[in-house]
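**Student:** Next up is a structure, given as structure tokens.
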Amino acid sequence: MSDMTELAEPVETGHQMRDEIRSISDRSRARRQVRSRIMVVLCAIALSVTAVPLVLLLFQLFNRGLPVVLHTGFYTQLPQTPSLIAPNATGGVSNAILGTLVLTLYASVMAIPVGVLVGVYLAESDSKLAATLRVISQTMAGAPSILMGLFAFSFVVRDLHVGFSAIAGSFALAVLMLPVIVISSEIAVRGVPHTLREAGLALGAKPHKVSMKIVLPAAMTGIVTGIILAISRAIGETAPVLLVIGGGYINSWKPLDPVSALPLSIYENAKSEWPSLRTEVWGIALVLVVFVFVLSLSARIWASRKQQAR
Amino acid sequence: MDQEFMAQVETKVVVPTESPQRGAAAMQLKGVAVSFHGRVAVRDCTFDVTKNRVTSLIGPSGSGKTTLLRALNRLHDLTPGAKVAGQILLEGTDIYRGDITVTELRTRVGMVFQRPNPFPTMSIYENAVSGLRFNGVKKKSILDEAAETSLKSAALWDSVQSRLKVAASNLSGGEQQRLCIARALAMDPEVLLMDEPTSALDPIATLKIEELMTELKKRVTVIIVTHNMQQAARISDDCAFLLMGEDRAGELIEFDTTEKIFNNPIDPRTLDYTLGRFG
């Protein structure tokens, strides 16, 4: 008899536990539901706090910028200084648009080959030199961008006697882009599965062929994405070019000429005493935003298209 | 450290069984041992791989099957701290010290890996001829012919013939693995190493690869690592059984014809393993 009770007891306890758990669950349900609702509301508030400034900014940008950018003269003409007779004659910003394109192009030509090669080297080597380069590029990636401008000013403009020029500005932008490209290339190359290298080696390919023909193509998606992001970061930078490009009021693609740039025009126009020039700022900003948007959109499309191909 | 390792290897070399008389040897292993940073991973491997036969390496995890296989086309060369002792002969030439470059060795001894690893940025065609391209072959007629022959040998030609320019990643897992086999075959190797080639595949794809191996051994010597004892019994002619020793280093326990290893092994541990008593 005592044996029976001993056997029956655990079963009984099991049921008691189950009932107790259920009753606790029932009692706390209402409280948990309220808590859940509060969290949803908090999330909604956080979302709107984030979204409202962005929406306002975009509204302002298009509202004020669109009327400016709808004139073809805005793209084709050089800037003019308004006068009392013609207070609205602001000309256009063709020099700044061309300047930004030229600066970005030269900077890319300087930064991309070096950046990709260094990135590949960092991924493939575990030497002391590689470790040092890695620390340097990580530090550079976090450095304030005005520093690149100062460096370009003292080194290119002054020490090399190049003067205020497109090349000095591109140099500053290239230094800014370099760590971004190095880091993203290294990550992309490291992401290539080791088994692909081994497959290449097992076919009798020499190590450099494996790097160039297998690893680099497989890492290309990541590398290109990194390059595009580096360019879109550089294109909107004001500080590095502010000190060195000279703000030229001519259309020029020549490396040694002083040029202007979209961010610089915004900075200068915003300081102007002429209301018409200050209005133009929004148009310039809109063009710049469209540039950056197109770049990052193409980076995304490129990355996802390549992802699908795998 | 090195001397110690060598001494250890030399004293421990034993031929577990008399090699049965068969055809000529494609590869000969004499007291082969592999160590990483002085830690022995596998040792005491002495056996002959006979031409045009399938030799399987079986044994539980950690017994050094894959490590041994990778030594056969010097894939350990790039691993820091890796050391291969003993002798591995390919047609009588010592592959580590003899008159053969690592590149030549790898064109003569091909490798198929555990997971299908076609080159993702290349088409089916480019994958098939990639080894030839790496070795400087540029003539289109040679490449075309090699692609067709190797894809046919890998039983893939019929299904990919019309889409050779398509990315290799569009193929199914089993097809990708057969493409990897074709890629290795395009070099016309004497020996094909296969490291658990079906472990990532479904049963039907596995069966296809197994059928393929029986066909392949007519022109190439196959050495295959497998976890699957039924597979070893089904497809291999000779069988090497490895086991992890007390010091966690793998060693060769027994080498013989597959029939003998599975039906009438000398070492009781072999019997225990093939009967599924451990492992």
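Residue numbering restarts at 1 for every chain of the structure tokens, chains are lettered A, B, ... in their displayed order, and ligands are numbered from 1 as they appear.
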List every residue of chain B that has an atom at most 8 Å from any atom of chain A, and for each one report the closest atom pair and its distance in Å to one decimal, counting only C-alpha atoms, with rows sorted by chain and then by increasing residue number, as JSON lines.

**Tutor:**
{"residue": "B:Asn73", "atom": "CA", "partner": "A:Ala202", "partner_atom": "CA", "distance": 7.3}
{"residue": "B:Leu75", "atom": "CA", "partner": "A:Ala202", "partner_atom": "CA", "distance": 7.2}
{"residue": "B:Val102", "atom": "CA", "partner": "A:Gly204", "partner_atom": "CA", "distance": 7.4}
{"residue": "B:Thr103", "atom": "CA", "partner": "A:Gly204", "partner_atom": "CA", "distance": 4.4}
{"residue": "B:Glu104", "atom": "CA", "partner": "A:Gly204", "partner_atom": "CA", "distance": 6.6}
{"residue": "B:Leu105", "atom": "CA", "partner": "A:Gly204", "partner_atom": "CA", "distance": 7.5}
{"residue": "B:Arg106", "atom": "CA", "partner": "A:Gly204", "partner_atom": "CA", "distance": 4.8}
{"residue": "B:Thr107", "atom": "CA", "partner": "A:Gly204", "partner_atom": "CA", "distance": 5.3}
{"residue": "B:Gly110", "atom": "CA", "partner": "A:Ala202", "partner_atom": "CA", "distance": 6.3}
{"residue": "B:Met111", "atom": "CA", "partner": "A:Ala202", "partner_atom": "CA", "distance": 6.0}
{"residue": "B:Val112", "atom": "CA", "partner": "A:Ala199", "partner_atom": "CA", "distance": 7.9}
{"residue": "B:Phe113", "atom": "CA", "partner": "A:Ala199", "partner_atom": "CA", "distance": 7.7}
{"residue": "B:Asn117", "atom": "CA", "partner": "A:Leu196", "partner_atom": "CA", "distance": 6.1}
{"residue": "B:Pro118", "atom": "CA", "partner": "A:Leu196", "partner_atom": "CA", "distance": 7.5}
{"residue": "B:Phe119", "atom": "CA", "partner": "A:Leu196", "partner_atom": "CA", "distance": 6.6}
{"residue": "B:Pro120", "atom": "CA", "partner": "A:Arg310", "partner_atom": "CA", "distance": 6.0}
{"residue": "B:Thr121", "atom": "CA", "partner": "A:Ala218", "partner_atom": "CA", "distance": 6.0}
{"residue": "B:Gly131", "atom": "CA", "partner": "A:Leu203", "partner_atom": "CA", "distance": 5.1}
{"residue": "B:Phe134", "atom": "CA", "partner": "A:Ala205", "partner_atom": "CA", "distance": 5.2}
{"residue": "B:Asn135", "atom": "CA", "partner": "A:Ala205", "partner_atom": "CA", "distance": 6.5}
{"residue": "B:Ala167", "atom": "CA", "partner": "A:Ala309", "partner_atom": "CA", "distance": 7.2}
{"residue": "B:Ser169", "atom": "CA", "partner": "A:Arg310", "partner_atom": "CA", "distance": 5.4}
{"residue": "B:Asn170", "atom": "CA", "partner": "A:Arg310", "partner_atom": "CA", "distance": 7.6}
{"residue": "B:Ala184", "atom": "CA", "partner": "A:Leu203", "partner_atom": "CA", "distance": 6.7}
{"residue": "B:Met187", "atom": "CA", "partner": "A:Leu203", "partner_atom": "CA", "distance": 7.8}

**Student:** With N, CA and C atoms retained, write the just-selected residues as a tab-separated table (two decimals), in the first residue's frame.

**Tutor:**
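What follows is the written file again_20.tsv:
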chain	number	residue	atom	x	y	z
B	73	ASN	N	48.79	14.90	-52.49
B	73	ASN	CA	49.14	15.88	-53.53
B	73	ASN	C	49.65	17.18	-52.91
B	75	LEU	N	48.91	19.04	-50.38
B	75	LEU	CA	48.06	20.17	-50.00
B	75	LEU	C	48.43	20.73	-48.63
B	102	VAL	N	55.73	20.67	-57.47
B	102	VAL	CA	54.43	20.52	-56.83
B	102	VAL	C	53.31	20.75	-57.85
B	103	THR	N	53.56	21.66	-58.80
B	103	THR	CA	52.57	21.92	-59.84
B	103	THR	C	52.35	20.69	-60.72
B	104	GLU	N	53.46	20.05	-61.10
B	104	GLU	CA	53.34	18.86	-61.94
B	104	GLU	C	52.63	17.75	-61.19
B	105	LEU	N	53.03	17.60	-59.91
B	105	LEU	CA	52.40	16.56	-59.08
B	105	LEU	C	50.89	16.73	-59.08
B	106	ARG	N	50.46	17.98	-58.89
B	106	ARG	CA	49.02	18.21	-58.74
B	106	ARG	C	48.27	18.05	-60.05
B	107	THR	N	48.97	18.20	-61.16
B	107	THR	CA	48.29	17.91	-62.43
B	107	THR	C	48.19	16.40	-62.64
B	110	GLY	N	44.96	14.39	-59.07
B	110	GLY	CA	43.85	15.34	-58.92
B	110	GLY	C	43.15	15.17	-57.59
B	111	MET	N	42.29	16.15	-57.26
B	111	MET	CA	41.63	16.10	-55.96
B	111	MET	C	40.17	16.54	-56.10
B	112	VAL	N	39.29	15.79	-55.45
B	112	VAL	CA	37.88	16.19	-55.34
B	112	VAL	C	37.58	16.34	-53.87
B	113	PHE	N	36.96	17.47	-53.50
B	113	PHE	CA	36.82	17.81	-52.09
B	113	PHE	C	35.48	17.36	-51.51
B	117	ASN	N	32.96	22.38	-54.78
B	117	ASN	CA	33.51	23.74	-54.76
B	117	ASN	C	33.86	24.24	-56.15
B	118	PRO	N	32.88	24.25	-57.07
B	118	PRO	CA	33.18	24.85	-58.37
B	118	PRO	C	33.49	26.33	-58.18
B	119	PHE	N	34.29	26.91	-59.10
B	119	PHE	CA	34.62	28.33	-58.98
B	119	PHE	C	33.38	29.15	-59.29
B	120	PRO	N	32.91	29.94	-58.32
B	120	PRO	CA	31.58	30.56	-58.45
B	120	PRO	C	31.49	31.61	-59.55
B	121	THR	N	32.62	32.19	-59.92
B	121	THR	CA	32.54	33.25	-60.92
B	121	THR	C	32.72	32.71	-62.34
B	131	GLY	N	41.68	24.02	-64.90
B	131	GLY	CA	43.01	23.48	-64.63
B	131	GLY	C	43.94	23.66	-65.81
B	134	PHE	N	44.94	27.31	-66.00
B	134	PHE	CA	45.94	27.64	-64.98
B	134	PHE	C	47.33	27.18	-65.41
B	135	ASN	N	47.36	26.11	-66.20
B	135	ASN	CA	48.64	25.58	-66.61
B	135	ASN	C	49.04	26.06	-68.00
B	167	ALA	N	26.50	29.96	-65.30
B	167	ALA	CA	27.33	29.91	-64.09
B	167	ALA	C	27.20	28.55	-63.42
B	169	SER	N	27.23	27.79	-60.50
B	169	SER	CA	26.45	27.78	-59.27
B	169	SER	C	24.98	27.44	-59.51
B	170	ASN	N	24.57	27.44	-60.81
B	170	ASN	CA	23.18	27.09	-61.09
B	170	ASN	C	22.93	25.58	-61.05
B	184	ALA	N	38.79	17.95	-62.41
B	184	ALA	CA	40.01	17.20	-62.08
B	184	ALA	C	40.40	16.28	-63.25
B	187	MET	N	42.52	17.35	-66.50
B	187	MET	CA	43.98	17.35	-66.49
B	187	MET	C	44.53	15.98	-66.85

**Student:** Env of Asp272 (chain B): 12 Å cut, atoms = only C-alpha atoms, seq-sep filter 4 positions within chain, self excluded. Answer as an MDAnalysis selection string.

**Tutor:** chainID B and resid 59:60 241 243 261:268 276:279

**Student:** Name all residues at most 6 Å from Gly250 (chain B) (count only C-alpha atoms; drop same-chain ones fewer than 3 positions away) and give them as a PyMOL selection string.

**Tutor:** chain B and resi 41-42+63-64+243-245

**Student:** As a PyMOL selection string, please: the residues near Leu156 (chain B) (cut-off 9 Å, only C-alpha atoms, same-chain neighbours under 3 positions excluded).

**Tutor:** chain B and resi 150-153+159-161+175+178-179+182

**Student:** Could you write out, as a ChimeraX atom specification, all the residues of region 11-234 of chain A that DSSP marks as alpha helix (DSSP H)?

**Tutor:** /A:11-69,73-76,94-124,128-142,145-152,166-190,194-202,207-209,216-234

**Student:** If we count only C-alpha atoms and set the cut-off at 7 Å, which residues sit around Ala299 (chain A), ignoring sequence neighbours fewer than 4 positions away in its own chain? Please answer as a short mmCIF file (atom, residue, chain, number, x, y, z; two decimals) with C-alpha atoms, in the first residue's frame.

**Tutor:**
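Heads up, here's the output in selection-v6.cif:
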data_model
loop_
_atom_site.label_atom_id
_atom_site.label_comp_id
_atom_site.auth_asym_id
_atom_site.auth_seq_id
_atom_site.Cartn_x
_atom_site.Cartn_y
_atom_site.Cartn_z
CA THR A 225 30.64 47.63 -53.12
CA ILE A 228 31.27 52.68 -54.41
CA LEU A 295 25.92 55.69 -56.21
CA ALA A 303 25.76 43.50 -54.73
#

**Student:** Please provide the set of residues having any atom within 12 Å of region 87-92 of chain B, restricted to only C-alpha atoms, with same-chain residues fewer than 2 positions apart removed, written as number ranges by chain.

**Tutor:** B: 9-10, 13, 24-34, 43-51, 68-74, 84-85, 94-100, 104-106, 108-109, 189-191, 221

**Student:** To one decimal in Å, tell me the separation between CA of Ser260 (chain A) and CA of Gly248 (chain A).

**Tutor:**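 Between CA of Ser260 (chain A) and CA of Gly248 (chain A) the gap is 5.2 Å.
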
**Student:** Skip Gly99 (chain A) itself and residues of its chain fewer than 2 positions away, then list as a PyMOL selection string all residues within 7 Å of it, counting only C-alpha atoms.

**Tutor:** chain A and resi 95-97+101-103+259-261
